[in-house]
Amino acid sequence: MTWQDNFQVWTKRNDLPEYLKNEMDALAKDDQQAEDAFYQPLSFGTAGMRGLLGAGINRMNIYTVRQATEGLARLMDSLSEDVKARGVAISYDSRHFSQEFAFESAKVLGAHGIKAYVFESLRPTPELSFTVRYFKAYAGIMITASHNPKEYNGYKIYGEDGGQMPPKESDIITASIREADMFAVPVKSQAELEAAGLLVTIGKDVDDAYLSEIKTVTVDQELVNKEGRDMKLVYSPLHGTGALIAGQALNNAGFKNVTIVPEQEQPDGDFPTVTLPNPEDPAALAMGIALAKKQGADVVIGVDPDADRMGTAVRLPSGEYQLLTGNQIGAILLHYLLTAKKAAGTLPANGVLVKSIVSSEFAADIAKSFNIETINVLTGFKYIAEQIQNYESTHEHTFLFGFEESYGYLVKSFARDKDSIQATVLLAEVAAYYKSLGKTLYDGLQDLFAEYGYFVENTQSLTFKGIDGAEKIAALMAKFRAEQPTSFGNIAVTKFADFTLQTETDVQTGVETTMSLPKANVLKYWLSDGSWVAVRPSGTEPKIKLYVGTNGTTQQIADDKLAAIQKSIADYVD
């Protein structure tokens, strides 16, 4: 069907909610927007779906949400009654329509006789991951668009281990979604489902269980008891889900002097104080930094609306504050974790760090210095979750820490997705540790640079929106494959990997080896000085991402190398 055909199907519906009818009227006067809304179904991948809110098959609305949930329900129907009885846990963040989408999902599941556990109010993504495991549910649904602008929402499905749904099951769900007529998906009323015990509202009991597990994240309680009470922390949930849970978690750990940024404390899908509710964005933490300056706070912590990502700004000797990168946060958390566990005699001999292939080697070098192995996985926290599940079966390794450069961290495996609540509690402990030494987190990072070298990284995202965006991204990936760059920044490429072909090639010898990682549309280049470059399309946004990592004996050397590599990439892309 053409986009015009799809548009006409919607136009003829007389049961659309009023707000969608109004949008259809507006789209009737704007062919460009109408085409974008109706030219293809909203993409559903292993990370679920994410898109603009609005009318259309390429938008987030109650019909696309019902259709996605129908796909999950059909998968569960095909398995067993036991699977259906185990049910699905559902949570949602502060975005527009998040609560409505959550309960619409429950109504679809209930029509199939599948039990749904739905939070009474918004809760973080990591708590949803925990909840799947807590109830031994078969799956979980999280309604969130993570750190995207206010115009977006999204839908993520989790598997029974609490990690995002594995590819095999996700592919089955995707096929069922495409077969389902979004306007014919059966739903039952909330009252009917509650009476039948198929919709159960959850809240405090699960919070308490999750917070009890969060207490185990603290490594040195004596240190926290000594330093935590007076240490000043500023925290911002960026109008999302983080405030209630993180505030309790910090208080339970022993951090009593925590100030939540008042203008950003209340959940609000308009995100009125920020352009982008993303802790990677310096502007998002500006209010927190301003408050920290007034209070002389030791550290500023900010999280995205669904509280899976965490960013931080640390106080400099000048009294100003500097944001740390995701890689720097990962390195400083890991170093403290290993140091504290070694001092306590609890560092396992078979411990392991799990990180994504586009994250810094800084953390890997730190792990190596403690005789801890590093495992690299594809981008996406579900791959870290897969490793944890594997280690629980084989006992080959003991999971110690997992992270991605995009501000995602996991300390304890009671959740199986990145968890800003865990990361916040651990970062506060790290700040307390350096405070006990008469230092700040910034000083601690400088100590690590002095010991391991100056590591710098950069991620550039090129956005290609609209109908031809995917073609432009594909063309750019094809160019990298066809032309095979031999150097970046005048530094020779020594090894090249194409994760689609699952091959790794030694450039000097031409020897090609097979990779053990799954297929993925990723290219990675290793350079003669230890630097690296990676290229991949985003799995959730119309972007192609270009990653660079390098290091040097001084920060200037590392910065100069990074700039040279970035310039050569820019010239190549142009």
# chains A, B, ... in the order shown; residues from 1 in each chain; ligands from 1
>>> residues_around(residues="Thr379 (chain A)", least_positions_apart="3", cutoff="10 Å", atoms="only C-alpha atoms", output="list in words")
Lys355, Ser356, Ile357, Val358, Ser359, Asn376, Lys382, Tyr383, Ile384, Glu404, Glu405, Ser406, Ala520, Val522, Arg536, Ser538 and Gly539 of chain A
>>> write_last_selection(atoms="C-alpha atoms", output="CSV table (one decimal), in the first residue's frame")
chain,number,residue,atom,x,y,z
A,355,LYS,CA,31.6,-3.4,28.0
A,356,SER,CA,30.4,-2.5,24.6
A,357,ILE,CA,32.8,-2.5,21.6
A,358,VAL,CA,32.4,1.3,21.2
A,359,SER,CA,33.4,2.0,24.8
A,376,ASN,CA,33.5,-6.8,24.7
A,382,LYS,CA,20.9,-6.7,26.3
A,383,TYR,CA,24.2,-8.1,25.2
A,384,ILE,CA,25.7,-7.4,28.6
A,404,GLU,CA,28.4,1.5,27.8
A,405,GLU,CA,29.9,4.8,26.8
A,406,SER,CA,26.4,6.2,26.5
A,520,ALA,CA,25.6,-6.4,13.4
A,522,VAL,CA,29.1,-2.2,12.6
A,536,ARG,CA,27.3,2.1,13.0
A,538,SER,CA,21.7,3.9,15.6
A,539,GLY,CA,19.2,1.2,16.4
>>> closest_atom_pairs(of="region 123-144 of chain A", to="region 74-85 of chain A", cutoff="12 Å", atoms="only C-alpha atoms", output="tab-separated table")
residue	atom	partner	partner_atom	distance
A:Phe135	CA	A:Ala85	CA	11.0
A:Lys136	CA	A:Val83	CA	10.0
A:Ala137	CA	A:Val83	CA	8.0
A:Tyr138	CA	A:Val83	CA	6.1
A:Ala139	CA	A:Val83	CA	9.3
>>> residues_around(residues="Ala343 (chain A)", least_positions_apart="5", cutoff="10 Å", atoms="only C-alpha atoms", output="PyMOL selection string")
chain A and resi 220+337-338
>>> closest_residue(among="A:Thr374, A:Ser360, A:Gln221, A:Ser129", to="Phe401 (chain A)", atoms="only C-alpha atoms")
A:Thr374
>>> residues_around(residues="region 287-301 of chain A", least_positions_apart="2", cutoff="10 Å", atoms="only C-alpha atoms", output="PyMOL selection string")
chain A and resi 231-238+257-264+273-274+279+282-285+303+310-316+319-323+420+423-424+427-428+431-432+435+439-442
>>> write_last_selection(atoms="C-alpha atoms", output="mmCIF file, in the first residue's frame")
data_model
loop_
_atom_site.group_PDB
_atom_site.id
_atom_site.type_symbol
_atom_site.label_atom_id
_atom_site.label_comp_id
_atom_site.auth_asym_id
_atom_site.auth_seq_id
_atom_site.Cartn_x
_atom_site.Cartn_y
_atom_site.Cartn_z
ATOM 1 C CA MET A 231 28.918 15.226 51.846
ATOM 2 C CA LYS A 232 26.778 17.515 49.654
ATOM 3 C CA LEU A 233 25.093 16.034 46.593
ATOM 4 C CA VAL A 234 22.830 17.697 44.041
ATOM 5 C CA TYR A 235 20.526 15.388 42.091
ATOM 6 C CA SER A 236 18.212 16.001 39.134
ATOM 7 C CA PRO A 237 15.697 13.539 37.662
ATOM 8 C CA LEU A 238 15.182 15.932 34.700
ATOM 9 C CA ASN A 257 22.727 15.813 52.509
ATOM 10 C CA VAL A 258 21.076 15.399 49.096
ATOM 11 C CA THR A 259 19.309 18.282 47.354
ATOM 12 C CA ILE A 260 17.008 17.545 44.434
ATOM 13 C CA VAL A 261 16.905 20.394 41.908
ATOM 14 C CA PRO A 262 13.447 21.830 42.751
ATOM 15 C CA GLU A 263 12.625 23.087 39.234
ATOM 16 C CA GLN A 264 13.282 19.606 37.805
ATOM 17 C CA THR A 273 13.603 23.428 31.863
ATOM 18 C CA VAL A 274 15.604 21.532 29.228
ATOM 19 C CA PRO A 279 22.409 13.824 31.082
ATOM 20 C CA PRO A 282 25.748 19.959 29.377
ATOM 21 C CA ALA A 283 22.653 22.175 29.222
ATOM 22 C CA ALA A 284 20.566 19.518 30.966
ATOM 23 C CA LEU A 285 22.744 19.717 34.092
ATOM 24 C CA VAL A 303 19.540 11.075 35.042
ATOM 25 C CA MET A 310 23.377 8.744 34.636
ATOM 26 C CA GLY A 311 25.622 11.761 34.072
ATOM 27 C CA THR A 312 27.666 13.773 36.539
ATOM 28 C CA ALA A 313 29.491 17.076 36.973
ATOM 29 C CA VAL A 314 32.359 17.254 39.461
ATOM 30 C CA ARG A 315 33.825 20.208 41.309
ATOM 31 C CA LEU A 316 37.133 21.593 40.060
ATOM 32 C CA GLY A 319 35.004 25.985 42.223
ATOM 33 C CA GLU A 320 33.599 25.466 38.735
ATOM 34 C CA TYR A 321 32.113 22.119 37.664
ATOM 35 C CA GLN A 322 33.086 19.842 34.809
ATOM 36 C CA LEU A 323 30.957 17.151 33.209
ATOM 37 C CA SER A 420 21.176 4.842 37.181
ATOM 38 C CA ALA A 423 25.235 3.966 39.553
ATOM 39 C CA THR A 424 24.126 6.976 41.629
ATOM 40 C CA LEU A 427 29.189 7.234 42.477
ATOM 41 C CA ALA A 428 28.249 8.867 45.777
ATOM 42 C CA ALA A 431 32.958 10.711 45.947
ATOM 43 C CA ALA A 432 32.993 9.868 49.674
ATOM 44 C CA LYS A 435 36.685 13.090 50.116
ATOM 45 C CA LYS A 439 40.274 14.963 47.164
ATOM 46 C CA THR A 440 37.351 15.401 44.765
ATOM 47 C CA LEU A 441 36.144 13.101 42.007
ATOM 48 C CA TYR A 442 37.995 15.354 39.570
#
>>> select_by_dssp(residues="region 170-286 of chain A", states="strand (DSSP E or B)", output="PyMOL selection string")
chain A and resi 199-202+233-236+258-260
>>> closest_residue(among="A:His239, A:Lys156, A:Arg229, A:Lys150", to="Lys256 (chain A)", atoms="only C-alpha atoms")
A:Arg229
>>> decode(residues="region 207-246 of chain A", atoms="C-alpha atoms", output="short mmCIF file (atom, residue, chain, number, x, y, z; two decimals), in the first residue's frame")
data_model
loop_
_atom_site.label_atom_id
_atom_site.label_comp_id
_atom_site.auth_asym_id
_atom_site.auth_seq_id
_atom_site.Cartn_x
_atom_site.Cartn_y
_atom_site.Cartn_z
CA ASP A 207 9.86 -0.56 45.53
CA ASP A 208 10.89 -1.91 48.93
CA ALA A 209 12.26 -5.11 47.42
CA TYR A 210 14.21 -3.18 44.79
CA LEU A 211 15.58 -0.71 47.34
CA SER A 212 16.63 -3.62 49.56
CA GLU A 213 18.76 -4.92 46.68
CA ILE A 214 20.14 -1.42 46.05
CA LYS A 215 21.60 -1.48 49.58
CA THR A 216 23.94 -4.27 48.44
CA VAL A 217 25.60 -1.93 45.92
CA THR A 218 27.52 -0.16 48.71
CA VAL A 219 30.95 -1.74 49.15
CA ASP A 220 32.36 0.10 52.19
CA GLN A 221 29.52 1.01 54.53
CA GLU A 222 31.92 2.23 57.21
CA LEU A 223 33.36 4.76 54.76
CA VAL A 224 29.89 5.96 53.77
CA ASN A 225 28.84 6.25 57.42
CA LYS A 226 31.88 8.41 58.10
CA GLU A 227 31.80 10.69 55.05
CA GLY A 228 28.31 10.38 53.57
CA ARG A 229 26.28 12.28 56.15
CA ASP A 230 27.97 15.62 55.49
CA MET A 231 28.92 15.23 51.85
CA LYS A 232 26.78 17.51 49.65
CA LEU A 233 25.09 16.03 46.59
CA VAL A 234 22.83 17.70 44.04
CA TYR A 235 20.53 15.39 42.09
CA SER A 236 18.21 16.00 39.13
CA PRO A 237 15.70 13.54 37.66
CA LEU A 238 15.18 15.93 34.70
CA HIS A 239 11.38 15.81 35.20
CA GLY A 240 11.40 12.01 35.06
CA THR A 241 11.13 8.94 37.25
CA GLY A 242 14.33 9.13 39.27
CA ALA A 243 13.59 11.41 42.24
CA LEU A 244 11.55 9.17 44.55
CA ILE A 245 13.59 5.99 44.16
CA ALA A 246 17.05 7.59 43.99
#
